[in-house]
>>> print(open('structure.csv').read())   # CSV, C-alpha atoms
chain,number,residue,atom,x,y,z
A,26,MET,CA,0.0,0.0,0.0
A,27,SER,CA,1.0,3.6,-0.4
A,28,LEU,CA,3.0,5.3,2.3
A,29,THR,CA,1.1,8.5,1.6
A,30,LEU,CA,-2.3,6.8,2.1
A,31,GLY,CA,-1.0,5.3,5.3
A,32,LEU,CA,0.1,8.6,6.7
A,33,LEU,CA,-3.3,10.1,5.8
A,34,GLY,CA,-4.8,7.3,7.7
A,35,PHE,CA,-2.9,8.3,10.8
A,36,VAL,CA,-3.9,11.9,10.4
A,37,ALA,CA,-7.5,10.5,10.6
A,38,VAL,CA,-6.5,8.6,13.8
A,39,GLY,CA,-5.2,11.8,15.4
A,40,ILE,CA,-8.3,13.8,14.3
A,41,ALA,CA,-10.6,11.2,15.9
A,42,LEU,CA,-8.6,11.3,19.1
A,43,GLY,CA,-8.8,15.0,19.2
A,44,LEU,CA,-12.5,15.1,18.5
A,45,LEU,CA,-13.6,12.3,20.7
A,46,GLY,CA,-11.0,12.0,23.5
A,47,GLY,CA,-10.9,8.3,22.9
A,48,GLY,CA,-12.0,5.7,20.4
A,49,GLY,CA,-9.9,7.1,17.6
A,50,SER,CA,-6.9,5.0,18.7
A,51,ILE,CA,-8.8,1.8,17.6
A,52,LEU,CA,-8.1,2.9,14.0
A,53,ALA,CA,-4.3,2.7,14.4
A,54,VAL,CA,-3.8,-1.0,14.0
A,55,PRO,CA,-6.2,-1.3,10.9
A,56,ALA,CA,-4.3,1.6,9.4
A,57,LEU,CA,-1.0,-0.2,9.8
A,58,VAL,CA,-2.3,-3.6,8.7
A,59,ASP,CA,-4.5,-2.5,5.7
A,60,LEU,CA,-2.9,0.7,4.5
A,61,LEU,CA,0.8,-0.1,5.2
A,62,GLY,CA,0.8,-3.9,5.0
A,63,ILE,CA,2.3,-4.4,8.5
A,64,PRO,CA,1.6,-7.9,10.1
A,65,ALA,CA,-0.8,-7.7,13.0
A,66,ARG,CA,1.8,-9.1,15.4
A,67,THR,CA,4.1,-6.1,14.6
A,68,ALA,CA,1.3,-3.5,14.1
A,69,VAL,CA,0.1,-3.9,17.7
A,70,PRO,CA,3.3,-2.8,19.4
A,71,MET,CA,4.0,-0.2,16.7
A,72,ALA,CA,0.6,1.4,17.3
A,73,LEU,CA,1.3,1.9,21.0
A,74,PRO,CA,3.8,4.8,20.8
A,75,VAL,CA,1.7,6.4,18.0
A,76,VAL,CA,-1.4,6.4,20.1
A,77,GLY,CA,0.3,7.1,23.4
A,78,ILE,CA,2.2,10.2,22.1
A,79,ALA,CA,-0.8,11.6,20.3
A,80,ALA,CA,-2.9,11.1,23.4
A,81,ALA,CA,-0.3,12.7,25.7
A,82,ALA,CA,-0.2,15.8,23.4
A,83,GLY,CA,-4.0,16.0,23.6
A,84,ALA,CA,-3.9,15.5,27.4
A,85,VAL,CA,-1.4,18.3,27.9
A,86,THR,CA,-3.6,20.7,25.9
A,87,ARG,CA,-6.7,19.7,27.9
A,88,TRP,CA,-4.7,20.1,31.1
A,89,ARG,CA,-3.8,23.7,30.2
A,90,ARG,CA,-7.5,24.3,29.8
A,91,GLY,CA,-8.1,23.0,33.4
A,92,GLN,CA,-10.1,19.9,32.2
A,93,LEU,CA,-7.8,17.2,33.5
A,94,ARG,CA,-8.6,15.3,36.8
A,95,LEU,CA,-5.2,14.0,37.9
A,96,SER,CA,-6.6,12.0,40.8
A,97,THR,CA,-8.9,10.1,38.5
A,98,VAL,CA,-6.1,9.5,36.1
A,99,ALA,CA,-4.0,8.0,38.9
A,100,LEU,CA,-6.7,5.6,40.0
A,101,PHE,CA,-7.7,4.4,36.5
A,102,ALA,CA,-4.2,4.2,35.1
A,103,ALA,CA,-2.8,2.3,38.0
A,104,CYS,CA,-5.1,-0.6,37.4
A,105,ALA,CA,-5.0,-0.4,33.6
A,106,MET,CA,-1.2,-0.2,33.3
A,107,GLY,CA,-0.7,-3.4,35.3
A,108,ALA,CA,-3.2,-5.3,33.1
A,109,SER,CA,-1.7,-3.9,29.9
A,110,TYR,CA,1.8,-4.8,30.8
A,111,LEU,CA,0.9,-8.4,31.6
A,112,ALA,CA,-1.4,-8.8,28.6
A,113,ALA,CA,1.4,-7.5,26.3
A,114,ARG,CA,3.9,-10.0,27.6
A,115,LEU,CA,1.5,-12.9,27.5
A,116,GLY,CA,0.0,-12.0,24.1
A,117,VAL,CA,3.2,-11.7,22.1
A,118,GLY,CA,2.8,-15.1,20.6
A,119,MET,CA,-0.8,-14.8,19.5
A,120,ALA,CA,-1.3,-15.5,15.7
A,121,ASP,CA,-2.5,-12.8,13.4
A,122,ARG,CA,-5.9,-14.3,12.5
A,123,PRO,CA,-7.3,-14.8,16.0
A,124,ARG,CA,-5.8,-11.4,17.0
A,125,LEU,CA,-7.6,-9.6,14.1
A,126,LEU,CA,-10.8,-11.5,14.7
A,127,LEU,CA,-10.7,-10.4,18.3
A,128,PHE,CA,-9.9,-6.9,17.0
A,129,GLY,CA,-13.0,-6.9,14.8
A,130,ALA,CA,-15.2,-8.0,17.8
A,131,THR,CA,-13.6,-5.2,19.8
A,132,MET,CA,-14.5,-2.7,17.1
A,133,LEU,CA,-18.1,-3.8,17.3
A,134,LEU,CA,-18.0,-3.3,21.1
A,135,ALA,CA,-16.5,0.1,20.6
A,136,ALA,CA,-19.2,1.0,18.0
A,137,ALA,CA,-21.9,0.0,20.5
A,138,ALA,CA,-20.3,2.1,23.2
A,139,MET,CA,-19.9,5.1,20.9
A,140,TRP,CA,-23.4,4.9,19.6
A,141,ARG,CA,-24.8,4.8,23.1
A,142,ARG,CA,-22.6,7.8,24.0
A,143,GLY,CA,-24.0,9.6,20.9
A,144,THR,CA,-27.6,8.9,21.6
A,145,ARG,CA,-27.5,9.8,25.3
A,146,VAL,CA,-29.3,13.0,26.1
A,147,ALA,CA,-26.7,15.6,27.1
A,148,PRO,CA,-25.5,17.7,28.6
A,149,ALA,CA,-28.5,18.2,30.9
A,150,ASP,CA,-28.6,14.6,32.0
A,151,ALA,CA,-25.0,14.6,33.0
A,152,VAL,CA,-25.7,17.0,35.8
A,153,ALA,CA,-28.4,14.6,37.2
A,154,ILE,CA,-26.0,11.6,37.5
A,155,THR,CA,-25.1,10.7,41.1
A,156,PRO,CA,-21.4,9.9,41.4
A,157,ARG,CA,-20.7,6.3,42.6
A,158,PRO,CA,-17.7,5.0,44.5
A,159,ALA,CA,-14.5,5.4,42.4
A,160,ILE,CA,-13.7,1.7,43.0
A,161,GLN,CA,-16.4,0.9,40.5
A,162,VAL,CA,-14.2,2.0,37.6
A,163,ILE,CA,-11.6,-0.7,38.4
A,164,PRO,CA,-13.3,-3.5,36.3
A,165,ALA,CA,-13.4,-1.1,33.3
A,166,ALA,CA,-9.7,-0.2,33.9
A,167,LEU,CA,-8.7,-3.9,33.9
A,168,VAL,CA,-10.6,-4.6,30.7
A,169,VAL,CA,-9.0,-1.5,29.0
A,170,GLY,CA,-5.6,-2.6,30.1
A,171,THR,CA,-6.0,-6.1,28.7
A,172,LEU,CA,-7.3,-4.8,25.4
A,173,THR,CA,-4.4,-2.4,25.1
A,174,GLY,CA,-1.8,-5.1,25.7
A,175,ILE,CA,-3.3,-7.6,23.3
A,176,LEU,CA,-4.7,-5.3,20.5
A,177,GLY,CA,-2.9,-2.0,20.9
A,178,VAL,CA,-6.0,0.0,21.4
A,179,GLY,CA,-6.2,2.9,23.9
A,180,GLY,CA,-9.6,1.9,25.2
A,181,GLY,CA,-11.1,5.4,25.2
A,182,PHE,CA,-14.4,4.0,24.1
A,183,LEU,CA,-14.7,2.3,27.5
A,184,ILE,CA,-12.8,4.9,29.6
A,185,VAL,CA,-15.0,7.9,28.7
A,186,PRO,CA,-18.3,6.2,29.5
A,187,ALA,CA,-16.9,4.8,32.8
A,188,LEU,CA,-15.7,8.3,33.9
A,189,ALA,CA,-18.9,10.0,32.8
A,190,GLY,CA,-21.3,7.4,33.9
A,191,VAL,CA,-19.7,6.2,37.2
A,192,LEU,CA,-17.9,9.2,38.4
A,193,ALA,CA,-20.3,11.8,36.8
A,194,LEU,CA,-17.4,13.7,35.2
A,195,PRO,CA,-18.6,16.4,32.7
A,196,MET,CA,-17.8,15.2,29.2
A,197,PRO,CA,-14.9,17.7,28.6
A,198,GLU,CA,-13.2,16.4,31.8
A,199,ALA,CA,-14.0,12.7,31.0
A,200,THR,CA,-12.4,13.0,27.5
A,201,ALA,CA,-9.4,14.9,28.8
A,202,THR,CA,-8.8,12.3,31.6
A,203,SER,CA,-9.2,9.5,29.0
A,204,LEU,CA,-6.4,10.9,26.9
A,205,ALA,CA,-4.0,10.9,29.9
A,206,VAL,CA,-5.0,7.4,30.8
A,207,ILE,CA,-4.4,6.2,27.2
A,208,ALA,CA,-1.0,7.8,27.2
A,209,LEU,CA,0.1,6.0,30.4
A,210,ASN,CA,-1.6,2.7,29.5
A,211,THR,CA,0.0,2.5,26.1
A,212,ALA,CA,3.4,3.2,27.6
A,213,SER,CA,3.0,0.3,30.0
A,214,ALA,CA,1.9,-2.1,27.2
A,215,GLY,CA,4.9,-0.9,25.2
A,216,ALA,CA,7.2,-1.8,28.1
A,217,GLY,CA,5.6,-5.3,28.1
A,218,PHE,CA,6.4,-5.8,24.5
A,219,LEU,CA,10.0,-4.5,24.9
A,220,THR,CA,10.7,-6.9,27.7
A,221,ARG,CA,9.8,-9.7,25.4
A,222,GLY,CA,12.3,-8.5,22.7
A,223,VAL,CA,9.7,-7.3,20.2
A,224,ALA,CA,11.3,-4.9,17.6
A,225,ILE,CA,9.5,-2.3,15.5
A,226,ASP,CA,10.4,-0.1,12.6
A,227,LEU,CA,11.4,3.1,14.4
A,228,ARG,CA,11.5,5.3,11.2
A,229,LEU,CA,8.1,4.3,10.1
A,230,THR,CA,6.8,4.6,13.7
A,231,ALA,CA,8.1,8.2,13.9
A,232,MET,CA,6.5,9.1,10.6
A,233,VAL,CA,3.0,7.8,11.5
A,234,THR,CA,3.3,9.4,14.9
A,235,ALA,CA,4.0,12.8,13.4
A,236,ALA,CA,1.0,12.3,11.1
A,237,ALA,CA,-1.2,11.4,14.2
A,238,LEU,CA,0.0,14.5,16.1
A,239,LEU,CA,-0.9,16.6,13.1
A,240,GLY,CA,-4.4,15.1,13.1
A,241,MET,CA,-4.6,15.5,16.9
A,242,ALA,CA,-3.9,19.3,16.5
A,243,ILE,CA,-6.6,19.5,13.8
A,244,GLY,CA,-9.1,17.5,15.9
A,245,LEU,CA,-8.6,19.6,19.0
A,246,ARG,CA,-9.0,22.8,17.0
A,247,ILE,CA,-12.2,21.9,15.3
A,248,ALA,CA,-13.8,19.9,18.1
A,249,PRO,CA,-15.8,22.9,19.5
A,250,ARG,CA,-17.6,23.3,16.2
A,251,TYR,CA,-19.3,19.9,16.2
A,252,SER,CA,-21.9,18.1,18.3
A,253,PRO,CA,-20.2,15.4,20.4
A,254,SER,CA,-23.2,13.2,20.0
A,255,ALA,CA,-23.3,13.5,16.2
A,256,LEU,CA,-19.5,12.8,16.1
A,257,ALA,CA,-19.9,9.7,18.3
A,258,ARG,CA,-22.7,8.3,16.1
A,259,ALA,CA,-20.8,8.9,12.9
A,260,PHE,CA,-17.7,7.2,14.4
A,261,ALA,CA,-19.8,4.2,15.5
A,262,VAL,CA,-21.0,3.6,12.0
A,263,LEU,CA,-17.5,3.8,10.7
A,264,LEU,CA,-16.3,1.2,13.3
A,265,VAL,CA,-19.1,-1.2,12.3
A,266,LEU,CA,-18.0,-1.0,8.6
A,267,LEU,CA,-14.3,-1.5,9.6
A,268,ALA,CA,-15.3,-4.4,11.9
A,269,VAL,CA,-17.3,-6.2,9.1
A,270,PHE,CA,-14.4,-5.7,6.7
A,271,THR,CA,-11.8,-7.0,9.2
A,272,ILE,CA,-13.8,-10.0,10.3
A,273,GLY,CA,-14.9,-10.9,6.7
A,274,LYS,CA,-11.3,-10.6,5.4
A,275,GLU,CA,-10.0,-13.0,8.0
A,276,LEU,CA,-12.8,-15.5,7.6
A,277,VAL,CA,-12.5,-15.8,3.8
A,278,THR,CA,-8.7,-15.8,3.5
>>> encode(input="structure.csv", output="structure tokens")
Amino acid sequence: MSLTLGLLGFVAVGIALGLLGGGGSILAVPALVDLLGIPARTAVPMALPVVGIAAAAGAVTRWRRGQLRLSTVALFAACAMGASYLAARLGVGMADRPRLLLFGATMLLAAAAMWRRGTRVAPADAVAITPRPAIQVIPAALVVGTLTGILGVGGGFLIVPALAGVLALPMPEATATSLAVIALNTASAGAGFLTRGVAIDLRLTAMVTAAALLGMAIGLRIAPRYSPSALARAFAVLLVLLAVFTIGKELVT
């Protein structure tokens, strides 16, 4: 596939991260596999620094706006990082086909979560949510960490609903906190792969990371112009299409 097309795909990954505060990172592995021809076993660890650096850049921007909840980041990330490290180490030997089939199923899960987020009445309802004990986000954090380690996804499609629904964070703070968690979580998963001796193409990784950062800057700039619910619904439809393509391709080849 064309390198230019692949770089444009990562600009789209960054835009989605900037617009949604999570969920966009799930596009990184398909972009590497389908646009750049990278095997899934290599695409997963390669996606981690791309997603993590782009998310960190977005988190810093949101922190400067006063939207980042550092205490919440610490709680969620502490659980997710342990799970992602272990999952990365244990999942190194997984074959490409089962990994991509699991990835397709995860995209369907992400699509359902994004659609629900997009159809929820907001922002008025968000004020009415009663915060629940913070410990209730731990199961979501463990699931997110596991998915990051095996599939290279940031897990924002689960992080944002958990923060908004359980802790009653306003959506700007939930998305900002999600970006910080993604940055830390992907770093932990990357460490897990490194300790198993997994090598990646550093030059290509740097190029797609730069493309994602450009997209992140664009996404953060244009985000206030669009309805978050409409964006979430549109992204959910895109994920369903990509999931059907990914699963169908693996089943027929």
>>> closest_residue(input="structure.csv", among="A:Gly77, A:Gly179, A:Pro164, A:Gly143", to="Arg258 in chain A", atoms="only C-alpha atoms")
A:Gly143
>>> closest_residue(input="structure.csv", among="A:Ser50, A:Phe182, A:Leu227, A:Thr202", to="Leu133 in chain A", atoms="all atoms listed in the file")
A:Phe182
>>> atom_distance(input="structure.csv", atom1="CA of Leu126 in chain A", atom2="CA of Met139 in chain A")
19.9 Å
>>> atom_distance(input="structure.csv", atom1="CA of Gly129 in chain A", atom2="CA of Val98 in chain A")
27.8 Å
>>> closest_atom_pairs(input="structure.csv", of="range 200-244 of chain A", to="range 28-32 of chain A", cutoff="9 Å", atoms="only C-alpha atoms", output="JSON lines")
{"residue": "A:Met232", "atom": "CA", "partner": "A:Leu32", "partner_atom": "CA", "distance": 7.5}
{"residue": "A:Val233", "atom": "CA", "partner": "A:Leu32", "partner_atom": "CA", "distance": 5.7}
{"residue": "A:Thr234", "atom": "CA", "partner": "A:Leu32", "partner_atom": "CA", "distance": 8.8}
{"residue": "A:Ala235", "atom": "CA", "partner": "A:Leu32", "partner_atom": "CA", "distance": 8.8}
{"residue": "A:Ala236", "atom": "CA", "partner": "A:Leu32", "partner_atom": "CA", "distance": 5.8}
{"residue": "A:Ala237", "atom": "CA", "partner": "A:Leu32", "partner_atom": "CA", "distance": 8.1}
>>> write_last_selection(input="structure.csv", atoms="C-alpha atoms", output="PDB file, in the coordinates of the input")
ATOM      1  CA  MET A 232       6.500   9.100  10.600  1.00  0.00           C
ATOM      2  CA  VAL A 233       3.000   7.800  11.500  1.00  0.00           C
ATOM      3  CA  THR A 234       3.300   9.400  14.900  1.00  0.00           C
ATOM      4  CA  ALA A 235       4.000  12.800  13.400  1.00  0.00           C
ATOM      5  CA  ALA A 236       1.000  12.300  11.100  1.00  0.00           C
ATOM      6  CA  ALA A 237      -1.200  11.400  14.200  1.00  0.00           C
TER       7      ALA A 237
END
>>> closest_residue(input="structure.csv", among="A:Leu264, A:Leu219, A:Leu256, A:Ala201", to="Arg89 in chain A", atoms="all atoms listed in the file")
A:Ala201
>>> closest_residue(input="structure.csv", among="A:Thr86, A:Ser96, A:Thr131, A:Ser203", to="Leu52 in chain A", atoms="all atoms listed in the file")
A:Thr131
>>> atom_distance(input="structure.csv", atom1="CA of Arg94 in chain A", atom2="CA of Ala199 in chain A")
8.3 Å
>>> closest_residue(input="structure.csv", among="A:Ala137, A:Ala189, A:Ala113, A:Cys104", to="Ala165 in chain A", atoms="only C-alpha atoms")
A:Cys104
>>> residues_near_point(input="structure.csv", point="(5.8, -0.9, 31.1)", cutoff="12 Å", atoms="all atoms listed in the file", output="PyMOL selection string")
chain A and resi 73-74+102-103+105-114+170+173-174+208-221
>>> residues_near_point(input="structure.csv", point="(-7.6, -10.5, 16.5)", cutoff="12 Å", atoms="only C-alpha atoms", output="MDAnalysis selection string")
chainID A and resid 54:55 58 64:66 68:69 116 119:132 172 175:178 268 271:272 274:276
>>> closest_residue(input="structure.csv", among="A:Val185, A:Leu267, A:Leu61, A:Ala84", to="Leu33 in chain A", atoms="all atoms listed in the file")
A:Leu61
